[in-house]
Structure formats: C-alpha cells, structure tokens
Amino acid sequence: MVDVRRRAFLKSVLAAPILASCANEAEVPTPGEWHNWSGGQRCTPKDGLQMPSTVDELAGVVKAAKGPVRVAGAGHSFSAVVPTNDTLLSLELLSGIVSHDAAALTATIQAGTRLYLLGEPLAKLGQGLTVQPDIDLQSLGGALSTGTHGAGGQHRCMPSYLKEISLVTADGTVRNVSPQVEPEVFQAAQVSLGSLGVLAQVTLQNRAAYLLEERTGISRLNDALEQFAAWQKQDRHTEFFAFPRGETAFTKRMREVPATTTKTIDTAQEEEAELEYASEVGMRAPFTIPLIQSMASWFVPDITRVGASYHIFPTVRHTRFNEMEYAVPAEKGPACFREVAAKIRDDGLPVFFPLEYRHVGADDLWLSPHHGRESVTISVHQYFKQDHVALFKAVEPIFWKYDGRPHWGKWHSLTAKELAGRYDRWQDFLRVRKELDPGGKFLNPHLHQLFGV
Ligand SMILES: Cc1cc2nc3c(=O)[nH]c(=O)nc-3n(C[C@H](O)[C@H](O)[C@H](O)COP(=O)(O)OP(=O)(O)OC[C@H]3O[C@@H](n4cnc5c(N)ncnc54)[C@H](O)[C@@H]3O)c2cc1C
C-alpha cells in the first residue's frame, strides 16, 4: 500500500500537469521508413524491408544485391550500424531452434530469433542461455553482432558462447565456420556488426536450465562502488543504477537457486511508469531534477523475485532513451564512474536518467570491448526527446581517459583512427573483412567510418 500511495503522489503532484502539455507529440512515420527503437536512426530502403524465409533465399538476395546490404535485427542499437537506403534485410522469418545436443548443452538457432522467443523452447530442451542482457527484444543475430552482454564479471558477453556460425558472404556463399573450420573467419565474425556478411544461424554453448533469485534494493553509492568487486564473487549477476546528483545506488543482485525453489514470477518485470513521468518533468523543468532524484529512493522497495532465468534477466522498458556505454578496465570503474557523475553534476547537464554500472568478464574476441580484460561498463542514458549528442559529447572524453572501448550498438563518436589502437586484433579483423568482402558490400557510411575504408 505504501508504494502505491508514493507513486500516486509522484504522478499527481509532479507529472500530470506537464504530461497534459505534451499529449499530442506522436511521431508520424514516413511510408517505407525504418527506424530504430529510440527513433534516432532512420532510413528508407529502396525495396522496403526484404524478408527472406529460407537460407537459400537469403543467399540469393545477398548475391544479387549491389550493396550496401544491411540487416535490421530488432532495431535496438542506438548507433548507425543498421541504416541503408539500399538493401535492408530482416531475418524475422528465419526464427527458431534448428537442432540441439542434449549432452553437450548446445543449440543451433536461426539468427533472426528474438531472445524472448528462446527462453521457453530452450527450457523444454533442458537448456538456458548462460547470460542475457537487461531486455529480451533483440534478435539473436543483432545481439551477437554488437557484443551484447549482461551483468556479472563471472560471465562474458553473449558472442563468446558461440560454437559455430553459418555466415552468408558477399557472393552468396554460406560458410560454416568454427574454431576448427576457418578459425580466423570465426574469430572475426563473433563480433562483426554485420560487416562480414549475414549470420544465418549459430550454435550456442548453453547450460542446464536454471532458476534465478533477484534482489533489488537501495545502497549508499559509495558503498556500492566500494563493495561491487566483492559482490561479484557472491552473486551470479550484479549491477546498480545511480543518479549523478544523488548518493544512492539502486542495486540488482542475482544468484542461482535450486530448481526446487518456489517461483514467485512467471513473466518479465515491467518497468515502472515513473521514469517516463520524471523524465518529462526533468526535461521541462530541469531545476526539479535534484529534488526528484533525491525523492526517487522512496519509490524503490526491496523486492526479492524467483523465476526461470529468462524471466528474471529481462525488464520490459517502455520509456525510450538514447544511450552511450563504454567498457573500462574493471579496476578503473569506480574512479571513472565518479568522474562521469561529477561532470554531469558540476556542469549542470540536463539529464534525468540514472547511470548504469555493470561488470563483464574478459574474452578473446577480436572486436569485443572486453577483449583481454575484465570490464566495468558505464552507461549514460538520455530521454529520447532530449538532445543526447550534446550530453554524450560532454562526457565521452572521460571514458577515453580511462582507456574505454565503446559498445558497438550504442552512441559514440570514435572512428578508425581512434579505434585501431584500442583493439590488439584490429588489423587482423580488417584483413579478414577485406578478404570476405573486398567490394565493401556490407558497409554503410557508419561502418566506413569505423573501419576507415
Ligand atoms: C532498451 C535497451 C536495452 C538494452 N540493453 C542492453 C544490455 O543489457 N546489454 C547490452 O550489451 N546491450 C543492450 N542494448 C543494446 C542492444 O543489445 C544491441 O544494440 C543489440 O545489437 C540490438 O540487437 P538488435 O537485434 O536490435 O540488432 P540491431 O540493432 O537491429 O542490429 C545491430 C547490428 O547487428 C547487425 N545484425 C543484426 N542481425 C544480423 C545478422 N543476422 N547477421 C549479421 N548482422 C546482423 C545489424 O546490421 C547491426 O549492425 C540495449 C538496447 C536497448 C534499446
């Protein structure tokens, strides 16, 4: 009851009058236009969105196209990795589990499969994804291609669980690559932003189906930063959100529990509507941001939930935003976070959203932001109706100072010149990319800039 009353208070006192003034701001889509989730990326592909329904058909479309050829997954990237006004493909019809190996706990899955369509079918086979991000709307191909990750330094990003990839390359050839067959192509294709070809299907190393217990609560920000490394050892997944102007961290900690534990939920958690209300208020009346943020801890009760891993990992996000995220070496995480928060606070940058802080395990994928080092990822979000570029540009140099590498699916301003020195295998990636796609069929303007070709 207490929580319901608090929410009603926030909505009625702070938000309702302001929401009333923006009720007619619906976006009008242009016919034939594709746009991403936040609305920040748009394009009008010349033949509309092409949706092959078999791998042969997909290979035929790729072979016949002059380029650029891009794949739109679920459109949940913020960077310009998808747009093209030429050939835009959707693999929405290439969806589902193709086969599995019960003993090895692997599954071969079509790359167009949305993550939310994977949980139950995999569980019926006795399997679960080892890690998942904090939403489950992404396509598998899209999530893998940008190095999508969850939270928790004991686990790596999603593509590091790949065992085999079926890749449709520029001439329409389907190449099945793995650590044993064409290992360099496999290495390059694990995180490749669709720049080597189209992932048609992939084999993932999963684990036995499992239950998670999630505890959300409040902690002092300094305590969260100082204890985060220790929490990593106790929890399977740990993250926190914190307002730059506040002293409070909203923590989310997950541990695996025995299969006999009673489940308390059987769906993903809905995001609270307060975030949208508060973002509207903060945008229109920035002077209220410190007040609302200091009140926000009232609205986060301690909650414990138990459920299937695929119900506990994702949150349903309704409030749209744009995002920049950098991965910095784990030991530099607390100092980097403090500096980012101070910049936003001291410069009075107009943003309501909290910063997000997670750990991701080290891997050896050529273009993974976590290559060769355990990372802390720090995300800066901006409400989709507000200027995200000005905010991100103001903060981004702090991440460079801490040796950060950008999330490929999120906003950043780096080009080949700055990126090359951040990845040990950058030149190897460019070499393999050129061998597979000498004519640059898979490159749109953003990828030309990233790879300097
Ligand atoms: C609300 C929200 C929450 C998020 N949470 C997280 C999170 O917790 N952790 C995290 O790491 N990221 C997160 N992200 C980022 C997101 O996971 C990535 O940007 C991801 O790539 C989006 O997947 P998608 O299917 O929408 O792909 P898209 O954004 O459509 O495409 C991404 C890239 O993959 C390519 N691609 C797609 N399918 C294929 C294919 N079959 N073959 C070859 N290339 C392909 C596209 O061409 C493009 O280059 C979040 C994004 C949003 C909007």
# chains A, B, ... in the order shown; residues from 1 in each chain; ligands from 1
call {"tool": "select_by_dssp", "arguments": {"residues": "stretch 101-188 of chain A", "states": "strand (DSSP E)", "output": "list of chain:residue names"}}
result
A:Asp101, A:Thr106, A:Ala107, A:Thr108, A:Ile109, A:Gln110, A:Gln127, A:Gly128, A:Leu162, A:Lys163, A:Glu164, A:Ile165, A:Ser166, A:Leu167, A:Val168, A:Val174, A:Arg175, A:Asn176, A:Val177
call {"tool": "write_last_selection", "arguments": {"atoms": "C-alpha atoms", "output": "tab-separated table (two decimals), in the first residue's frame"}}
result
chain	number	residue	atom	x	y	z
A	101	ASP	CA	22.70	-31.59	-28.49
A	106	THR	CA	24.36	-26.73	-27.31
A	107	ALA	CA	21.62	-25.49	-29.62
A	108	THR	CA	21.68	-24.36	-33.24
A	109	ILE	CA	19.36	-21.39	-33.64
A	110	GLN	CA	18.29	-19.23	-36.58
A	127	GLN	CA	18.81	-25.61	-21.58
A	128	GLY	CA	19.16	-21.94	-20.72
A	162	LEU	CA	29.33	-19.15	-29.89
A	163	LYS	CA	30.45	-22.60	-31.11
A	164	GLU	CA	29.66	-22.31	-34.83
A	165	ILE	CA	28.39	-19.70	-37.27
A	166	SER	CA	26.68	-20.04	-40.67
A	167	LEU	CA	27.67	-16.88	-42.49
A	168	VAL	CA	26.29	-15.73	-45.85
A	174	VAL	CA	27.14	-19.98	-46.97
A	175	ARG	CA	30.26	-20.65	-44.87
A	176	ASN	CA	30.02	-22.77	-41.73
A	177	VAL	CA	32.87	-21.56	-39.54
call {"tool": "residues_near_ligand", "arguments": {"ligand": "ligand 1", "cutoff": "6 Å", "atoms": "only C-alpha atoms and all ligand atoms", "output": "PyMOL selection string"}}
result
chain A and resi 37+70-77+81-82+111-112+133-135+138-139+141-143+145-146+148-150+193-194+197-200+317+409
call {"tool": "closest_residue", "arguments": {"among": "A:Lys343, A:His359, A:Lys385, A:Thr261", "to": "A:Thr319", "atoms": "only C-alpha atoms"}}
result
A:Lys385
call {"tool": "closest_residue", "arguments": {"among": "A:Gly282, A:Gly60, A:Gly126, A:Pro83", "to": "A:Ala102", "atoms": "only C-alpha atoms"}}
result
A:Gly126
call {"tool": "select_by_dssp", "arguments": {"residues": "stretch 200-400 of chain A", "states": "helix (DSSP H, G or I)", "output": "VMD selection string"}}
result
chain A and resid 221 to 234 274 to 284 286 to 299 309 to 312 330 to 346 388 to 400
call {"tool": "residues_around", "arguments": {"residues": "stretch 303-313 of chain A", "least_positions_apart": "2", "cutoff": "10 Å", "atoms": "only C-alpha atoms", "output": "MDAnalysis selection string"}}
result
chainID A and resid 115:120 122:123 128:136 150:151 209:217 237 252:257 259 261:269 300:301 315
call {"tool": "write_last_selection", "arguments": {"atoms": "C-alpha atoms", "output": "short mmCIF file (atom, residue, chain, number, x, y, z; two decimals), in the first residue's frame"}}
result
data_model
loop_
_atom_site.label_atom_id
_atom_site.label_comp_id
_atom_site.auth_asym_id
_atom_site.auth_seq_id
_atom_site.Cartn_x
_atom_site.Cartn_y
_atom_site.Cartn_z
CA LEU A 115 15.63 -13.52 -27.43
CA TYR A 116 12.18 -13.54 -25.82
CA LEU A 117 11.19 -16.40 -28.11
CA LEU A 118 14.11 -18.52 -26.95
CA GLY A 119 13.58 -18.95 -23.22
CA GLU A 120 10.73 -21.45 -23.12
CA LEU A 122 15.27 -23.89 -24.73
CA ALA A 123 13.94 -24.71 -21.25
CA GLY A 128 19.16 -21.94 -20.72
CA LEU A 129 21.24 -19.07 -22.14
CA THR A 130 24.27 -18.51 -19.92
CA VAL A 131 23.81 -14.74 -19.96
CA GLN A 132 21.18 -12.33 -21.18
CA PRO A 133 21.02 -8.55 -21.45
CA ASP A 134 18.51 -6.50 -19.47
CA ILE A 135 15.84 -6.67 -22.17
CA ASP A 136 14.93 -9.61 -24.41
CA GLY A 150 24.61 -8.93 -19.27
CA ALA A 151 25.91 -8.11 -15.81
CA ALA A 209 18.05 -24.65 -17.48
CA TYR A 210 18.14 -22.74 -14.17
CA LEU A 211 16.30 -20.53 -11.73
CA LEU A 212 17.50 -17.14 -10.52
CA GLU A 213 16.67 -15.21 -7.40
CA GLU A 214 16.84 -11.43 -7.86
CA ARG A 215 17.06 -8.97 -5.00
CA THR A 216 16.60 -5.27 -5.71
CA GLY A 217 17.20 -2.61 -3.10
CA HIS A 237 24.97 -11.08 -11.69
CA LYS A 252 20.06 -5.52 -8.55
CA ARG A 253 21.74 -8.75 -7.42
CA MET A 254 21.03 -12.23 -8.77
CA ARG A 255 22.05 -15.68 -7.63
CA GLU A 256 21.22 -19.11 -8.90
CA VAL A 257 18.86 -21.08 -6.67
CA ALA A 259 15.39 -26.00 -9.19
CA THR A 261 12.78 -23.31 -5.11
CA THR A 262 9.23 -21.95 -5.38
CA LYS A 263 8.89 -19.48 -8.24
CA THR A 264 7.29 -16.13 -7.43
CA ILE A 265 7.01 -14.82 -11.01
CA ASP A 266 6.44 -16.22 -14.47
CA THR A 267 6.88 -13.13 -16.66
CA ALA A 268 9.49 -10.43 -17.08
CA GLN A 269 9.35 -7.41 -14.79
CA VAL A 300 12.29 1.56 -4.89
CA PRO A 301 11.18 -1.03 -2.36
CA THR A 315 12.98 -5.88 -17.81
#
call {"tool": "residues_around", "arguments": {"residues": "stretch 222-224 of chain A", "least_positions_apart": "6", "cutoff": "10 Å", "atoms": "only C-alpha atoms", "output": "PyMOL selection string"}}
result
chain A and resi 230-231+239-242+247-251+334+338+357
call {"tool": "write_last_selection", "arguments": {"atoms": "N, CA and C atoms", "output": "tab-separated table (two decimals), in the first residue's frame"}}
result
chain	number	residue	atom	x	y	z
A	230	ALA	N	33.44	-7.21	-4.46
A	230	ALA	CA	33.15	-8.33	-3.55
A	230	ALA	C	31.79	-8.96	-3.90
A	231	TRP	N	30.82	-8.12	-4.23
A	231	TRP	CA	29.50	-8.66	-4.62
A	231	TRP	C	29.64	-9.58	-5.82
A	239	GLU	N	24.39	-5.49	-10.62
A	239	GLU	CA	24.50	-4.19	-11.28
A	239	GLU	C	23.87	-3.13	-10.38
A	240	PHE	N	24.19	-1.88	-10.67
A	240	PHE	CA	23.43	-0.83	-9.99
A	240	PHE	C	23.19	0.35	-10.92
A	241	PHE	N	22.15	1.09	-10.58
A	241	PHE	CA	21.83	2.35	-11.25
A	241	PHE	C	22.00	3.45	-10.20
A	242	ALA	N	22.52	4.60	-10.62
A	242	ALA	CA	22.64	5.71	-9.64
A	242	ALA	C	22.50	7.03	-10.36
A	247	GLU	N	23.23	10.27	-3.86
A	247	GLU	CA	24.18	9.49	-3.06
A	247	GLU	C	23.70	8.06	-2.94
A	248	THR	N	22.69	7.70	-3.74
A	248	THR	CA	22.04	6.41	-3.58
A	248	THR	C	22.22	5.54	-4.81
A	249	ALA	N	22.44	4.25	-4.59
A	249	ALA	CA	22.51	3.31	-5.71
A	249	ALA	C	21.34	2.34	-5.60
A	250	PHE	N	20.73	2.05	-6.75
A	250	PHE	CA	19.64	1.08	-6.82
A	250	PHE	C	20.27	-0.23	-7.27
A	251	THR	N	20.34	-1.18	-6.40
A	251	THR	CA	21.12	-2.38	-6.71
A	251	THR	C	20.20	-3.52	-7.17
A	334	PRO	N	35.35	2.42	-10.59
A	334	PRO	CA	34.84	3.39	-9.61
A	334	PRO	C	35.29	4.82	-9.88
A	338	ARG	N	32.84	7.98	-10.86
A	338	ARG	CA	32.77	9.22	-10.04
A	338	ARG	C	33.00	10.45	-10.91
A	357	TYR	N	25.87	0.67	-14.00
A	357	TYR	CA	27.24	0.16	-13.70
A	357	TYR	C	27.20	-1.36	-13.64
call {"tool": "residues_around", "arguments": {"residues": "A:Gly452", "least_positions_apart": "3", "cutoff": "12 Å", "atoms": "only C-alpha atoms", "output": "MDAnalysis selection string"}}
result
chainID A and resid 414:420 426:427 430 434 440 443:449
call {"tool": "closest_residue", "arguments": {"among": "A:Ala342, A:Val69, A:Ala64, A:Leu204", "to": "A:Val98", "atoms": "only C-alpha atoms"}}
result
A:Leu204
call {"tool": "decode", "arguments": {"residues": "stretch 164-201 of chain A", "atoms": "N, CA and C atoms", "output": "compact mmCIF listing (two decimals), in the first residue's frame"}}
result
# COMPACT_ATOMS: atom_id res chain seq x y z
N GLU A 164 29.62 -22.23 -33.37
CA GLU A 164 29.66 -22.31 -34.83
C GLU A 164 28.77 -21.22 -35.42
N ILE A 165 29.16 -20.76 -36.60
CA ILE A 165 28.39 -19.70 -37.27
C ILE A 165 28.18 -20.09 -38.73
N SER A 166 26.94 -19.95 -39.23
CA SER A 166 26.68 -20.04 -40.67
C SER A 166 26.58 -18.63 -41.19
N LEU A 167 27.53 -18.27 -42.04
CA LEU A 167 27.67 -16.88 -42.49
C LEU A 167 27.45 -16.81 -44.00
N VAL A 168 26.51 -15.95 -44.41
CA VAL A 168 26.29 -15.73 -45.85
C VAL A 168 27.18 -14.57 -46.27
N THR A 169 28.14 -14.84 -47.13
CA THR A 169 29.10 -13.79 -47.51
C THR A 169 28.68 -13.12 -48.82
N ALA A 170 29.48 -12.12 -49.24
CA ALA A 170 29.05 -11.20 -50.31
C ALA A 170 28.64 -11.89 -51.61
N ASP A 171 29.30 -13.02 -51.95
CA ASP A 171 28.96 -13.69 -53.21
C ASP A 171 27.84 -14.71 -53.03
N GLY A 172 27.21 -14.72 -51.87
CA GLY A 172 26.07 -15.61 -51.63
C GLY A 172 26.49 -16.99 -51.11
N THR A 173 27.78 -17.17 -50.84
CA THR A 173 28.24 -18.46 -50.29
C THR A 173 27.86 -18.56 -48.81
N VAL A 174 27.42 -19.76 -48.40
CA VAL A 174 27.14 -19.98 -46.97
C VAL A 174 28.35 -20.71 -46.38
N ARG A 175 29.05 -20.05 -45.46
CA ARG A 175 30.26 -20.65 -44.87
C ARG A 175 29.95 -21.04 -43.44
N ASN A 176 30.21 -22.31 -43.11
CA ASN A 176 30.02 -22.77 -41.73
C ASN A 176 31.38 -22.73 -41.05
N VAL A 177 31.54 -21.77 -40.14
CA VAL A 177 32.87 -21.56 -39.54
C VAL A 177 32.80 -21.81 -38.03
N SER A 178 33.94 -22.26 -37.49
CA SER A 178 34.01 -22.61 -36.06
C SER A 178 35.47 -22.51 -35.65
N PRO A 179 35.81 -22.78 -34.39
CA PRO A 179 37.22 -22.73 -34.01
C PRO A 179 38.05 -23.76 -34.79
N GLN A 180 37.40 -24.79 -35.34
CA GLN A 180 38.13 -25.81 -36.10
C GLN A 180 38.14 -25.52 -37.61
N VAL A 181 37.08 -24.93 -38.12
CA VAL A 181 36.94 -24.69 -39.56
C VAL A 181 37.02 -23.18 -39.83
N GLU A 182 37.99 -22.78 -40.60
CA GLU A 182 38.22 -21.33 -40.87
C GLU A 182 38.22 -20.53 -39.56
N PRO A 183 39.14 -20.87 -38.66
CA PRO A 183 39.11 -20.24 -37.33
C PRO A 183 39.22 -18.71 -37.36
N GLU A 184 39.97 -18.19 -38.32
CA GLU A 184 40.11 -16.71 -38.33
C GLU A 184 38.78 -16.04 -38.71
N VAL A 185 38.07 -16.66 -39.66
CA VAL A 185 36.77 -16.08 -40.04
C VAL A 185 35.83 -16.18 -38.84
N PHE A 186 35.88 -17.31 -38.14
CA PHE A 186 35.04 -17.48 -36.95
C PHE A 186 35.36 -16.39 -35.92
N GLN A 187 36.66 -16.20 -35.65
CA GLN A 187 37.08 -15.19 -34.66
C GLN A 187 36.55 -13.81 -35.03
N ALA A 188 36.71 -13.48 -36.33
CA ALA A 188 36.30 -12.14 -36.76
C ALA A 188 34.79 -11.99 -36.73
N ALA A 189 34.09 -13.08 -37.05
CA ALA A 189 32.62 -12.98 -37.21
C ALA A 189 31.88 -12.94 -35.88
N GLN A 190 32.55 -13.26 -34.77
CA GLN A 190 31.82 -13.32 -33.49
C GLN A 190 31.26 -11.95 -33.10
N VAL A 191 32.06 -10.91 -33.25
CA VAL A 191 31.54 -9.53 -33.06
C VAL A 191 31.93 -8.79 -34.33
N SER A 192 30.99 -8.56 -35.24
CA SER A 192 31.39 -8.03 -36.55
C SER A 192 30.42 -7.01 -37.11
N LEU A 193 29.39 -6.63 -36.36
CA LEU A 193 28.45 -5.60 -36.79
C LEU A 193 27.86 -5.87 -38.17
N GLY A 194 27.74 -7.11 -38.54
CA GLY A 194 27.21 -7.44 -39.87
C GLY A 194 28.11 -6.98 -40.99
N SER A 195 29.39 -6.77 -40.71
CA SER A 195 30.28 -6.23 -41.75
C SER A 195 31.01 -7.31 -42.54
N LEU A 196 30.86 -8.57 -42.14
CA LEU A 196 31.49 -9.66 -42.90
C LEU A 196 30.46 -10.38 -43.76
N GLY A 197 29.20 -10.26 -43.41
CA GLY A 197 28.13 -10.97 -44.09
C GLY A 197 26.97 -11.11 -43.13
N VAL A 198 26.04 -11.98 -43.49
CA VAL A 198 24.83 -12.13 -42.68
C VAL A 198 24.91 -13.44 -41.89
N LEU A 199 24.73 -13.36 -40.59
CA LEU A 199 24.64 -14.58 -39.78
C LEU A 199 23.29 -15.22 -40.08
N ALA A 200 23.30 -16.46 -40.58
CA ALA A 200 22.03 -17.12 -40.90
C ALA A 200 21.59 -17.96 -39.71
N GLN A 201 22.51 -18.76 -39.20
CA GLN A 201 22.22 -19.48 -37.94
C GLN A 201 23.50 -19.69 -37.16
